[in-house]
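For reference, protein-v1.cif (mmCIF, C-alpha atoms):
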```cif
data_input
#
loop_
_atom_site.label_atom_id
_atom_site.label_comp_id
_atom_site.auth_asym_id
_atom_site.auth_seq_id
_atom_site.Cartn_x
_atom_site.Cartn_y
_atom_site.Cartn_z
CA LEU A 1 -5.44 -18.78 -7.95
CA ARG A 2 -7.78 -18.74 -4.99
CA GLN A 3 -6.94 -15.95 -2.59
CA GLN A 4 -7.29 -16.50 1.15
CA PRO A 5 -9.52 -14.00 2.98
CA LEU A 6 -7.59 -10.89 3.89
CA THR A 7 -8.26 -7.51 5.40
CA PRO A 8 -9.37 -5.24 2.53
CA TYR A 9 -6.58 -3.63 0.58
CA GLN A 10 -5.58 -1.36 3.44
CA THR A 11 -1.89 -2.21 3.19
CA GLN A 12 -1.73 -0.50 -0.21
CA THR A 13 -3.66 2.62 0.77
CA THR A 14 -2.12 3.41 4.15
CA THR A 15 -0.78 6.93 4.53
CA MET A 16 2.34 5.69 6.33
CA ALA A 17 5.50 6.17 4.28
CA ILE A 18 7.50 3.19 3.06
CA LYS A 19 10.69 3.13 5.10
CA GLY A 20 12.11 -0.28 4.22
CA VAL A 21 11.89 -3.02 1.61
CA ILE A 22 11.86 -6.81 1.84
CA PHE A 23 13.02 -8.56 -1.33
CA ASP A 24 12.42 -12.16 -2.27
CA TYR A 25 15.37 -13.69 -4.12
CA GLY A 26 14.65 -16.65 -6.41
CA GLY A 27 12.26 -15.69 -9.18
CA THR A 28 12.30 -12.02 -8.20
CA ILE A 29 15.88 -10.81 -8.41
CA ASP A 30 17.32 -13.54 -10.62
CA SER A 31 14.65 -14.28 -13.26
CA ARG A 32 12.42 -11.22 -13.87
CA GLY A 33 9.49 -12.91 -12.15
CA VAL A 34 9.61 -16.11 -14.22
CA HIS A 35 9.28 -19.38 -12.28
CA TRP A 36 12.64 -21.13 -12.29
CA SER A 37 11.17 -24.35 -13.66
CA GLU A 38 10.55 -22.51 -16.92
CA ILE A 39 14.17 -21.38 -17.20
CA ILE A 40 15.57 -24.80 -16.38
CA TRP A 41 13.22 -26.34 -18.94
CA ASP A 42 14.57 -23.90 -21.55
CA GLY A 43 18.07 -25.03 -20.59
CA TRP A 44 17.20 -28.68 -21.08
CA LYS A 45 15.63 -28.00 -24.47
CA LEU A 46 18.69 -26.09 -25.65
CA ALA A 47 20.84 -28.98 -24.42
CA GLY A 48 18.97 -31.31 -26.77
CA ALA A 49 16.36 -32.87 -24.50
CA THR A 50 13.99 -35.30 -26.25
CA PHE A 51 11.70 -35.84 -23.25
CA ASP A 52 8.56 -33.72 -22.88
CA LYS A 53 7.78 -30.99 -20.39
CA ASP A 54 5.62 -33.26 -18.22
CA ALA A 55 8.58 -35.60 -17.73
CA PHE A 56 10.77 -32.64 -16.84
CA ARG A 57 8.25 -31.23 -14.35
CA LYS A 58 8.05 -34.62 -12.64
CA ALA A 59 11.85 -34.65 -12.30
CA TYR A 60 11.88 -31.03 -11.15
CA VAL A 61 9.44 -31.74 -8.31
CA ALA A 62 11.29 -34.92 -7.34
CA THR A 63 14.55 -32.96 -7.19
CA GLU A 64 13.04 -30.26 -4.97
CA HIS A 65 11.74 -32.93 -2.59
CA HIS A 66 15.12 -34.67 -2.63
CA PHE A 67 16.94 -31.45 -1.78
CA ALA A 68 14.51 -30.84 1.10
CA THR A 69 15.35 -34.20 2.69
CA HIS A 70 19.01 -34.76 1.74
CA PRO A 71 22.06 -32.52 2.36
CA VAL A 72 22.94 -32.14 -1.32
CA VAL A 73 23.54 -28.38 -1.29
CA ARG A 74 26.45 -27.16 0.80
CA PRO A 75 26.42 -23.64 2.34
CA ASP A 76 29.40 -22.64 0.15
CA PHE A 77 27.70 -23.53 -3.15
CA ASP A 78 27.47 -20.57 -5.50
CA PHE A 79 24.65 -20.43 -8.05
CA ARG A 80 26.53 -22.35 -10.73
CA GLN A 81 27.25 -25.19 -8.30
CA LEU A 82 23.64 -25.16 -7.14
CA MET A 83 22.33 -25.41 -10.70
CA GLN A 84 24.79 -28.18 -11.53
CA ALA A 85 23.52 -30.12 -8.52
CA LYS A 86 19.91 -29.50 -9.57
CA THR A 87 20.23 -30.51 -13.21
CA SER A 88 22.41 -33.51 -12.31
CA THR A 89 19.76 -34.74 -9.87
CA GLU A 90 17.02 -34.08 -12.41
CA ALA A 91 18.99 -36.15 -14.90
CA ASP A 92 19.10 -39.02 -12.40
CA PHE A 93 15.31 -38.94 -12.01
CA LEU A 94 14.79 -38.62 -15.76
CA ARG A 95 17.00 -41.63 -16.51
CA ALA A 96 15.22 -43.62 -13.83
CA ASP A 97 12.01 -42.94 -15.77
CA GLY A 98 13.60 -44.12 -19.00
CA HIS A 99 14.49 -40.77 -20.55
CA ALA A 100 17.76 -39.77 -22.19
CA ALA A 101 19.48 -37.22 -19.96
CA ASP A 102 23.25 -37.53 -19.72
CA SER A 103 25.70 -35.55 -17.63
CA HIS A 104 26.79 -33.39 -20.57
CA MET A 105 23.20 -32.25 -21.14
CA ALA A 106 22.79 -31.56 -17.43
CA LEU A 107 25.92 -29.39 -17.32
CA SER A 108 24.82 -27.53 -20.43
CA ALA A 109 21.41 -26.81 -18.90
CA ALA A 110 23.05 -25.64 -15.68
CA SER A 111 25.37 -23.30 -17.58
CA TYR A 112 22.42 -21.78 -19.41
CA CYS A 113 20.62 -21.20 -16.10
CA TYR A 114 23.66 -19.55 -14.57
CA ASP A 115 24.01 -17.21 -17.54
CA ARG A 116 20.31 -16.28 -17.37
CA ALA A 117 20.57 -15.55 -13.65
CA HIS A 118 23.74 -13.50 -14.14
CA GLU A 119 21.98 -11.38 -16.77
CA CYS A 120 18.87 -10.85 -14.62
CA VAL A 121 20.87 -10.01 -11.52
CA GLY A 122 22.83 -7.50 -13.57
CA GLU A 123 19.55 -5.73 -14.32
CA ALA A 124 18.31 -5.99 -10.75
CA ARG A 125 21.45 -4.79 -8.97
CA PRO A 126 21.14 -1.07 -9.82
CA VAL A 127 17.46 -1.16 -8.86
CA ILE A 128 18.26 -2.62 -5.46
CA GLN A 129 21.12 -0.14 -5.08
CA ALA A 130 18.74 2.73 -5.83
CA VAL A 131 16.39 1.43 -3.14
CA THR A 132 19.13 1.01 -0.54
CA ASP A 133 20.45 4.50 -1.27
CA ARG A 134 17.15 5.71 0.20
CA MET A 135 16.19 3.07 2.80
CA PRO A 136 17.29 -0.26 4.26
CA ALA A 137 16.45 -3.55 2.57
CA VAL A 138 16.50 -7.15 3.75
CA LEU A 139 16.22 -10.40 1.85
CA VAL A 140 13.63 -13.04 2.80
CA SER A 141 13.96 -16.23 0.78
CA ASN A 142 13.01 -19.88 0.63
CA PHE A 143 16.42 -21.32 -0.20
CA TYR A 144 18.71 -24.28 0.38
CA GLY A 145 21.12 -22.96 3.01
CA ASN A 146 23.51 -21.31 0.53
CA VAL A 147 21.83 -18.03 -0.37
CA GLU A 148 24.62 -16.04 1.31
CA SER A 149 27.14 -17.68 -1.06
CA VAL A 150 24.90 -16.98 -4.05
CA LEU A 151 24.53 -13.32 -3.08
CA ALA A 152 28.27 -12.95 -2.58
CA ASP A 153 28.98 -14.56 -5.96
CA PHE A 154 26.62 -12.13 -7.71
CA GLY A 155 27.85 -9.08 -5.79
CA LEU A 156 24.59 -8.49 -3.93
CA ARG A 157 25.24 -9.35 -0.29
CA HIS A 158 26.40 -5.88 0.74
CA LEU A 159 23.09 -4.37 -0.33
CA PHE A 160 21.04 -6.16 2.34
CA ALA A 161 21.03 -5.23 6.01
CA ALA A 162 19.99 -8.80 6.84
CA VAL A 163 19.32 -12.09 5.08
CA ILE A 164 16.57 -14.38 6.33
CA GLU A 165 16.73 -17.77 4.66
CA SER A 166 14.17 -20.52 5.24
CA ALA A 167 16.77 -23.29 5.65
CA VAL A 168 18.49 -21.27 8.37
CA ALA A 169 15.48 -19.61 10.03
CA GLY A 170 13.49 -22.84 10.23
CA VAL A 171 10.35 -21.30 8.72
CA ARG A 172 9.28 -21.26 5.08
CA LYS A 173 6.97 -19.20 2.94
CA PRO A 174 4.00 -19.02 2.77
CA ASP A 175 4.19 -18.91 6.59
CA PRO A 176 3.81 -15.19 7.38
CA GLN A 177 6.26 -15.59 10.27
CA ILE A 178 9.21 -15.41 7.90
CA PHE A 179 8.04 -11.95 6.81
CA ARG A 180 7.62 -10.93 10.44
CA LEU A 181 11.29 -11.79 10.89
CA GLY A 182 12.09 -9.50 7.96
CA VAL A 183 10.05 -6.65 9.41
CA GLU A 184 11.77 -7.11 12.77
CA ALA A 185 15.18 -7.05 11.08
CA LEU A 186 14.27 -3.69 9.55
CA GLY A 187 13.09 -2.38 12.92
CA LEU A 188 9.91 -1.01 11.35
CA GLN A 189 6.16 -1.47 11.48
CA PRO A 190 4.67 -3.79 8.82
CA GLU A 191 2.77 -0.85 7.28
CA GLU A 192 6.11 0.86 6.65
CA VAL A 193 7.54 -2.11 4.70
CA LEU A 194 7.17 -2.93 1.01
CA VAL A 195 7.50 -6.64 0.20
CA VAL A 196 8.60 -7.44 -3.35
CA GLY A 197 8.12 -10.99 -4.63
CA ASP A 198 7.22 -13.10 -7.64
CA SER A 199 4.71 -15.45 -5.95
CA LEU A 200 1.19 -14.36 -5.10
CA ARG A 201 0.67 -17.32 -2.77
CA LYS A 202 4.09 -17.41 -1.12
CA ASP A 203 5.04 -13.72 -1.03
CA ILE A 204 2.20 -11.30 -1.58
CA LEU A 205 -0.73 -12.78 0.36
CA PRO A 206 1.31 -13.78 3.45
CA ALA A 207 3.00 -10.37 3.55
CA GLU A 208 -0.33 -8.57 3.27
CA SER A 209 -1.78 -10.74 6.02
CA ILE A 210 0.62 -9.15 8.53
CA GLY A 211 0.03 -5.63 7.21
CA CYS A 212 2.90 -5.09 4.77
CA ARG A 213 2.62 -3.24 1.48
CA THR A 214 3.33 -5.40 -1.56
CA ALA A 215 4.56 -5.38 -5.14
CA TRP A 216 3.96 -8.56 -7.13
CA LEU A 217 6.49 -9.04 -9.95
CA LYS A 218 4.33 -11.24 -12.13
CA GLY A 219 5.96 -13.45 -14.73
CA LYS A 220 5.31 -16.96 -16.04
CA GLY A 221 4.21 -19.08 -13.08
CA TRP A 222 4.18 -22.77 -12.19
CA THR A 223 0.52 -23.29 -13.10
CA ASP A 224 -2.02 -21.90 -15.56
CA GLU A 225 -4.13 -20.92 -12.54
CA GLU A 226 -1.31 -18.72 -11.27
CA ASP A 227 -0.93 -17.17 -14.71
CA ARG A 228 -4.62 -16.22 -14.75
CA ALA A 229 -4.51 -14.63 -11.29
CA THR A 230 -4.48 -10.86 -10.90
CA HIS A 231 -3.79 -8.56 -7.97
CA PRO A 232 -3.77 -4.77 -7.48
CA SER A 233 -0.08 -4.79 -6.57
CA GLN A 234 1.14 -6.26 -9.88
CA ILE A 235 4.22 -4.78 -11.49
CA SER A 236 5.82 -5.81 -14.78
CA ALA A 237 9.46 -5.04 -13.98
CA LEU A 238 11.51 -4.80 -10.80
CA ALA A 239 12.35 -1.18 -11.58
CA ASP A 240 8.66 -0.33 -11.11
CA ILE A 241 9.21 -0.34 -7.34
CA LEU A 242 11.25 2.83 -7.73
CA THR A 243 8.09 4.55 -8.94
CA ILE A 244 6.14 3.18 -5.97
CA ILE A 245 8.73 4.48 -3.54
CA GLY A 246 9.13 7.76 -5.41
CA LYS A 247 5.43 8.60 -5.26
CA GLN A 248 5.36 8.92 -1.48
#
```
Would you put the structure from the file into structure tokens?
Amino acid sequence: LRQQPLTPYQTQTTTMAIKGVIFDYGGTIDSRGVHWSEIIWDGWKLAGATFDKDAFRKAYVATEHHFATHPVVRPDFDFRQLMQAKTSTEADFLRADGHAADSHMALSAASYCYDRAHECVGEARPVIQAVTDRMPAVLVSNFYGNVESVLADFGLRHLFAAVIESAVAGVRKPDPQIFRLGVEALGLQPEEVLVVGDSLRKDILPAESIGCRTAWLKGKGWTDEEDRATHPSQISALADILTIIGKQ
């Protein structure tokens, strides 16, 4: 993954203490750093899919574009309802391309995804709680307008001093402005903020470009290029941020 020119790695070596944390949501808190396309694909396979991964990825991208231009997701959708909407729409695109993908398979895939997210959030919750016992945290996420409902469903909303969601804020990652909004919500300087995310391009590089510290939770990405990328801020588990904070 080609990295855009940045100021040398000053954000990681500053002597200023970390006083607040910005968390990404999707892929960071709910999937251990694994790109959600991989989890949904696992759900389809377990549901009996006979189409190949390329066909799925085409439907996945088409669904994301459809959600960006059509009001499919309501603000009150919890994560199960969101995943049911996603896999149902993917099934529509798959059938349009001549693949077998019925509603039963779609619901089965959605249920698998919900269970995976519930498990991952269960691991992440005590980590976030340990952070917020020491300092404030905010959430900055590219989402569909329903992240507040998802957080409430998973028992996470009370842990964040503020939630900045792309569909509400009108700005999306990788635009650094969305991270500036997070820093402002914390009332801190960028150098005092640790940004935790699963995407090098959408989280880590934009956050560093405004002076934030970073921790890249690296899991299976969308492309082989992303999987080959490395960065000094890499961590292998969300709990590793407790070590980062504890060292100061």
Could you jot down the atom CA of A:Leu94 to atom CA of A:Tyr144 separation for me, Å, one decimal place? 21.9 Å
Closest pair table for stretch 110-226 of chain A residues within 7 Å of stretch 74-77 of chain A, only C-alpha atoms, as CSV:
```
residue,atom,partner,partner_atom,distance
A:Gly145,CA,A:Pro75,CA,5.4
A:Asn146,CA,A:Pro75,CA,4.1
A:Ser149,CA,A:Asp76,CA,5.6
```
Applying 9 Å and only C-alpha atoms, which residues near A:Val195 remain after dropping the ones on its own chain fewer than 2 positions away? List them as number ranges by chain. A: 20-24, 179, 193, 197, 203-204, 207-208, 212-216
Can you write out the residues you just picked, keeping C-alpha atoms, as a compact mmCIF listing (two decimals), in the coordinates of the input?
```txt
# COMPACT_ATOMS: atom_id res chain seq x y z
CA GLY A 20 12.11 -0.28 4.22
CA VAL A 21 11.89 -3.02 1.61
CA ILE A 22 11.86 -6.81 1.84
CA PHE A 23 13.02 -8.56 -1.33
CA ASP A 24 12.42 -12.16 -2.27
CA PHE A 179 8.04 -11.95 6.81
CA VAL A 193 7.54 -2.11 4.70
CA GLY A 197 8.12 -10.99 -4.63
CA ASP A 203 5.04 -13.72 -1.03
CA ILE A 204 2.20 -11.30 -1.58
CA ALA A 207 3.00 -10.37 3.55
CA GLU A 208 -0.33 -8.57 3.27
CA CYS A 212 2.90 -5.09 4.77
CA ARG A 213 2.62 -3.24 1.48
CA THR A 214 3.33 -5.40 -1.56
CA ALA A 215 4.56 -5.38 -5.14
CA TRP A 216 3.96 -8.56 -7.13
```
Can you measure atom CA of A:His118 to atom CA of A:Glu90 for me? One decimal in Å is fine. 21.7 Å
Can you spell out as a PyMOL selection string the set of residues that the PyMOL selection byres ((chain A and resi 126) around 12) selects in the structure I just provided? chain A and resi 29+120-125+127-133+155-156+159+238-239+242
Would you list the contacts of stretch 79-88 of chain A as a PDB file with C-alpha atoms, in the frame of the given file, taking every protein, DNA or RNA residue within 8 Å and counting all atoms listed in the file, but skipping same-chain residues closer than 4 positions in sequence?
```
ATOM      1  CA  THR A  63      14.550 -32.960  -7.190  1.00  0.00           C
ATOM      2  CA  VAL A  72      22.940 -32.140  -1.320  1.00  0.00           C
ATOM      3  CA  VAL A  73      23.540 -28.380  -1.290  1.00  0.00           C
ATOM      4  CA  ASP A  92      19.100 -39.020 -12.400  1.00  0.00           C
ATOM      5  CA  SER A 103      25.700 -35.550 -17.630  1.00  0.00           C
ATOM      6  CA  ALA A 106      22.790 -31.560 -17.430  1.00  0.00           C
ATOM      7  CA  LEU A 107      25.920 -29.390 -17.320  1.00  0.00           C
ATOM      8  CA  ALA A 109      21.410 -26.810 -18.900  1.00  0.00           C
ATOM      9  CA  ALA A 110      23.050 -25.640 -15.680  1.00  0.00           C
ATOM     10  CA  SER A 111      25.370 -23.300 -17.580  1.00  0.00           C
ATOM     11  CA  CYS A 113      20.620 -21.200 -16.100  1.00  0.00           C
ATOM     12  CA  TYR A 114      23.660 -19.550 -14.570  1.00  0.00           C
ATOM     13  CA  SER A 149      27.140 -17.680  -1.060  1.00  0.00           C
ATOM     14  CA  VAL A 150      24.900 -16.980  -4.050  1.00  0.00           C
ATOM     15  CA  ASP A 153      28.980 -14.560  -5.960  1.00  0.00           C
TER      16      ASP A 153
END
```
Report, in Å to a single decimal, how far apart atom CA of A:His35 and atom CA of A:Lys220 are. 6.0 Å
What do you get, as a list in words, if you spell out every residue that the PyMOL selection byres ((chain A and resi 96-100) around 12) selects here? Trp44, Ala47, Gly48, Ala49, Thr50, Phe51, Asp52, Lys53, Asp54, Ala55, Phe56, Lys58, Ala59, Ala62, Thr89, Glu90, Ala91, Asp92, Phe93, Leu94, Arg95, Ala101, Asp102, Ser103, His104, Met105 and Ala106 of chain A
Selection in question (the file shown): the PyMOL selection byres ((chain A and resi 192) around 6). Which residues does it include, as JSON, numbers by chain? {"A": [17, 18, 19, 189, 190, 191, 193]}
With all atoms listed in the file as the atoms that count, which of A:Thr69, A:Ser108, A:Ser233, A:Thr28 lies nearest to A:Trp41?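 Distance minimum relative to A:Trp41 lands on A:Ser108.
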Nearest-residue call for A:Trp36, choices A:Gly187, A:Gly219, A:Pro136, A:Pro176, using all atoms listed in the file: A:Gly219
In terms of the shortest atom-to-atom distance over all atoms listed in the file, which of A:Gly182, A:Leu188, A:Leu194, A:Ser141 is closest to A:Ile244?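 Using all atoms listed in the file, the shortest distance to A:Ile244 belongs to A:Leu194.
Across A:Pro232, A:Gly246, A:Gly221, A:Gly170, the tightest approach to A:Ile39 is made by A:Gly221 when counting only C-alpha atoms.
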With a distance cut-off of 9 Å and all atoms listed in the file, select the neighbouring residues of A:Ala185, excluding the residue or stretch itself and same-chain residues fewer than 2 positions from it, and output the selection as JSON, numbers by chain. {"A": [138, 161, 162, 163, 164, 180, 181, 182, 183, 187, 188]}
Padding 6 Å on each side, edges along x, y and z: where is the centre of the box around the listed atoms of stretch 34-39 of chain A, and how long are its edges in Å to one decimal? Output it as lines of an AutoDock Vina configuration file.
```
center_x = 11.7
center_y = -20.2
center_z = -14.7
size_x = 16.9
size_y = 20.2
size_z = 16.9
```
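Residue nearest A:Gly43, chosen from A:Arg172, A:His65, A:Arg116, A:Lys218 and counting all atoms listed in the file: A:Arg116.
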Rebuild N, CA, C and O atoms on stretch 72-85 of chain A, as a PDB file, keeping the file's coordinate frame?
```pdb
ATOM      1  N   VAL A  72      22.242 -32.217  -0.034  1.00  0.00           N
ATOM      2  CA  VAL A  72      22.940 -32.140  -1.320  1.00  0.00           C
ATOM      3  C   VAL A  72      23.667 -30.813  -1.470  1.00  0.00           C
ATOM      4  O   VAL A  72      24.819 -30.754  -1.910  1.00  0.00           O
ATOM      5  N   VAL A  73      23.001 -29.728  -1.099  1.00  0.00           N
ATOM      6  CA  VAL A  73      23.540 -28.380  -1.290  1.00  0.00           C
ATOM      7  C   VAL A  73      24.339 -27.968  -0.065  1.00  0.00           C
ATOM      8  O   VAL A  73      23.822 -27.944   1.047  1.00  0.00           O
ATOM      9  N   ARG A  74      25.606 -27.638  -0.283  1.00  0.00           N
ATOM     10  CA  ARG A  74      26.450 -27.160   0.800  1.00  0.00           C
ATOM     11  C   ARG A  74      26.318 -25.646   0.942  1.00  0.00           C
ATOM     12  O   ARG A  74      26.038 -24.953  -0.047  1.00  0.00           O
ATOM     13  N   PRO A  75      26.535 -25.097   2.136  1.00  0.00           N
ATOM     14  CA  PRO A  75      26.420 -23.640   2.340  1.00  0.00           C
ATOM     15  C   PRO A  75      27.337 -22.822   1.441  1.00  0.00           C
ATOM     16  O   PRO A  75      27.034 -21.663   1.146  1.00  0.00           O
ATOM     17  N   ASP A  76      28.460 -23.413   0.976  1.00  0.00           N
ATOM     18  CA  ASP A  76      29.400 -22.640   0.150  1.00  0.00           C
ATOM     19  C   ASP A  76      29.111 -22.744  -1.339  1.00  0.00           C
ATOM     20  O   ASP A  76      29.849 -22.175  -2.151  1.00  0.00           O
ATOM     21  N   PHE A  77      28.035 -23.418  -1.730  1.00  0.00           N
ATOM     22  CA  PHE A  77      27.700 -23.530  -3.150  1.00  0.00           C
ATOM     23  C   PHE A  77      27.295 -22.161  -3.713  1.00  0.00           C
ATOM     24  O   PHE A  77      26.396 -21.506  -3.175  1.00  0.00           O
ATOM     25  N   ASP A  78      27.948 -21.742  -4.789  1.00  0.00           N
ATOM     26  CA  ASP A  78      27.470 -20.570  -5.500  1.00  0.00           C
ATOM     27  C   ASP A  78      26.342 -21.010  -6.435  1.00  0.00           C
ATOM     28  O   ASP A  78      25.938 -22.178  -6.446  1.00  0.00           O
ATOM     29  N   PHE A  79      25.827 -20.084  -7.247  1.00  0.00           N
ATOM     30  CA  PHE A  79      24.650 -20.430  -8.050  1.00  0.00           C
ATOM     31  C   PHE A  79      24.981 -21.452  -9.138  1.00  0.00           C
ATOM     32  O   PHE A  79      24.169 -22.323  -9.448  1.00  0.00           O
ATOM     33  N   ARG A  80      26.157 -21.373  -9.718  1.00  0.00           N
ATOM     34  CA  ARG A  80      26.530 -22.350 -10.730  1.00  0.00           C
ATOM     35  C   ARG A  80      26.566 -23.749 -10.136  1.00  0.00           C
ATOM     36  O   ARG A  80      26.055 -24.715 -10.727  1.00  0.00           O
ATOM     37  N   GLN A  81      27.183 -23.881  -8.953  1.00  0.00           N
ATOM     38  CA  GLN A  81      27.250 -25.190  -8.300  1.00  0.00           C
ATOM     39  C   GLN A  81      25.863 -25.693  -7.917  1.00  0.00           C
ATOM     40  O   GLN A  81      25.570 -26.887  -8.026  1.00  0.00           O
ATOM     41  N   LEU A  82      25.008 -24.774  -7.473  1.00  0.00           N
ATOM     42  CA  LEU A  82      23.640 -25.160  -7.140  1.00  0.00           C
ATOM     43  C   LEU A  82      22.919 -25.694  -8.374  1.00  0.00           C
ATOM     44  O   LEU A  82      22.262 -26.738  -8.325  1.00  0.00           O
ATOM     45  N   MET A  83      23.024 -24.978  -9.494  1.00  0.00           N
ATOM     46  CA  MET A  83      22.330 -25.410 -10.700  1.00  0.00           C
ATOM     47  C   MET A  83      22.905 -26.720 -11.238  1.00  0.00           C
ATOM     48  O   MET A  83      22.167 -27.558 -11.758  1.00  0.00           O
ATOM     49  N   GLN A  84      24.205 -26.909 -11.104  1.00  0.00           N
ATOM     50  CA  GLN A  84      24.790 -28.180 -11.530  1.00  0.00           C
ATOM     51  C   GLN A  84      24.255 -29.333 -10.682  1.00  0.00           C
ATOM     52  O   GLN A  84      23.964 -30.417 -11.200  1.00  0.00           O
ATOM     53  N   ALA A  85      24.095 -29.091  -9.385  1.00  0.00           N
ATOM     54  CA  ALA A  85      23.520 -30.120  -8.520  1.00  0.00           C
ATOM     55  C   ALA A  85      22.070 -30.393  -8.893  1.00  0.00           C
ATOM     56  O   ALA A  85      21.618 -31.552  -8.902  1.00  0.00           O
TER      57      ALA A  85
END
```
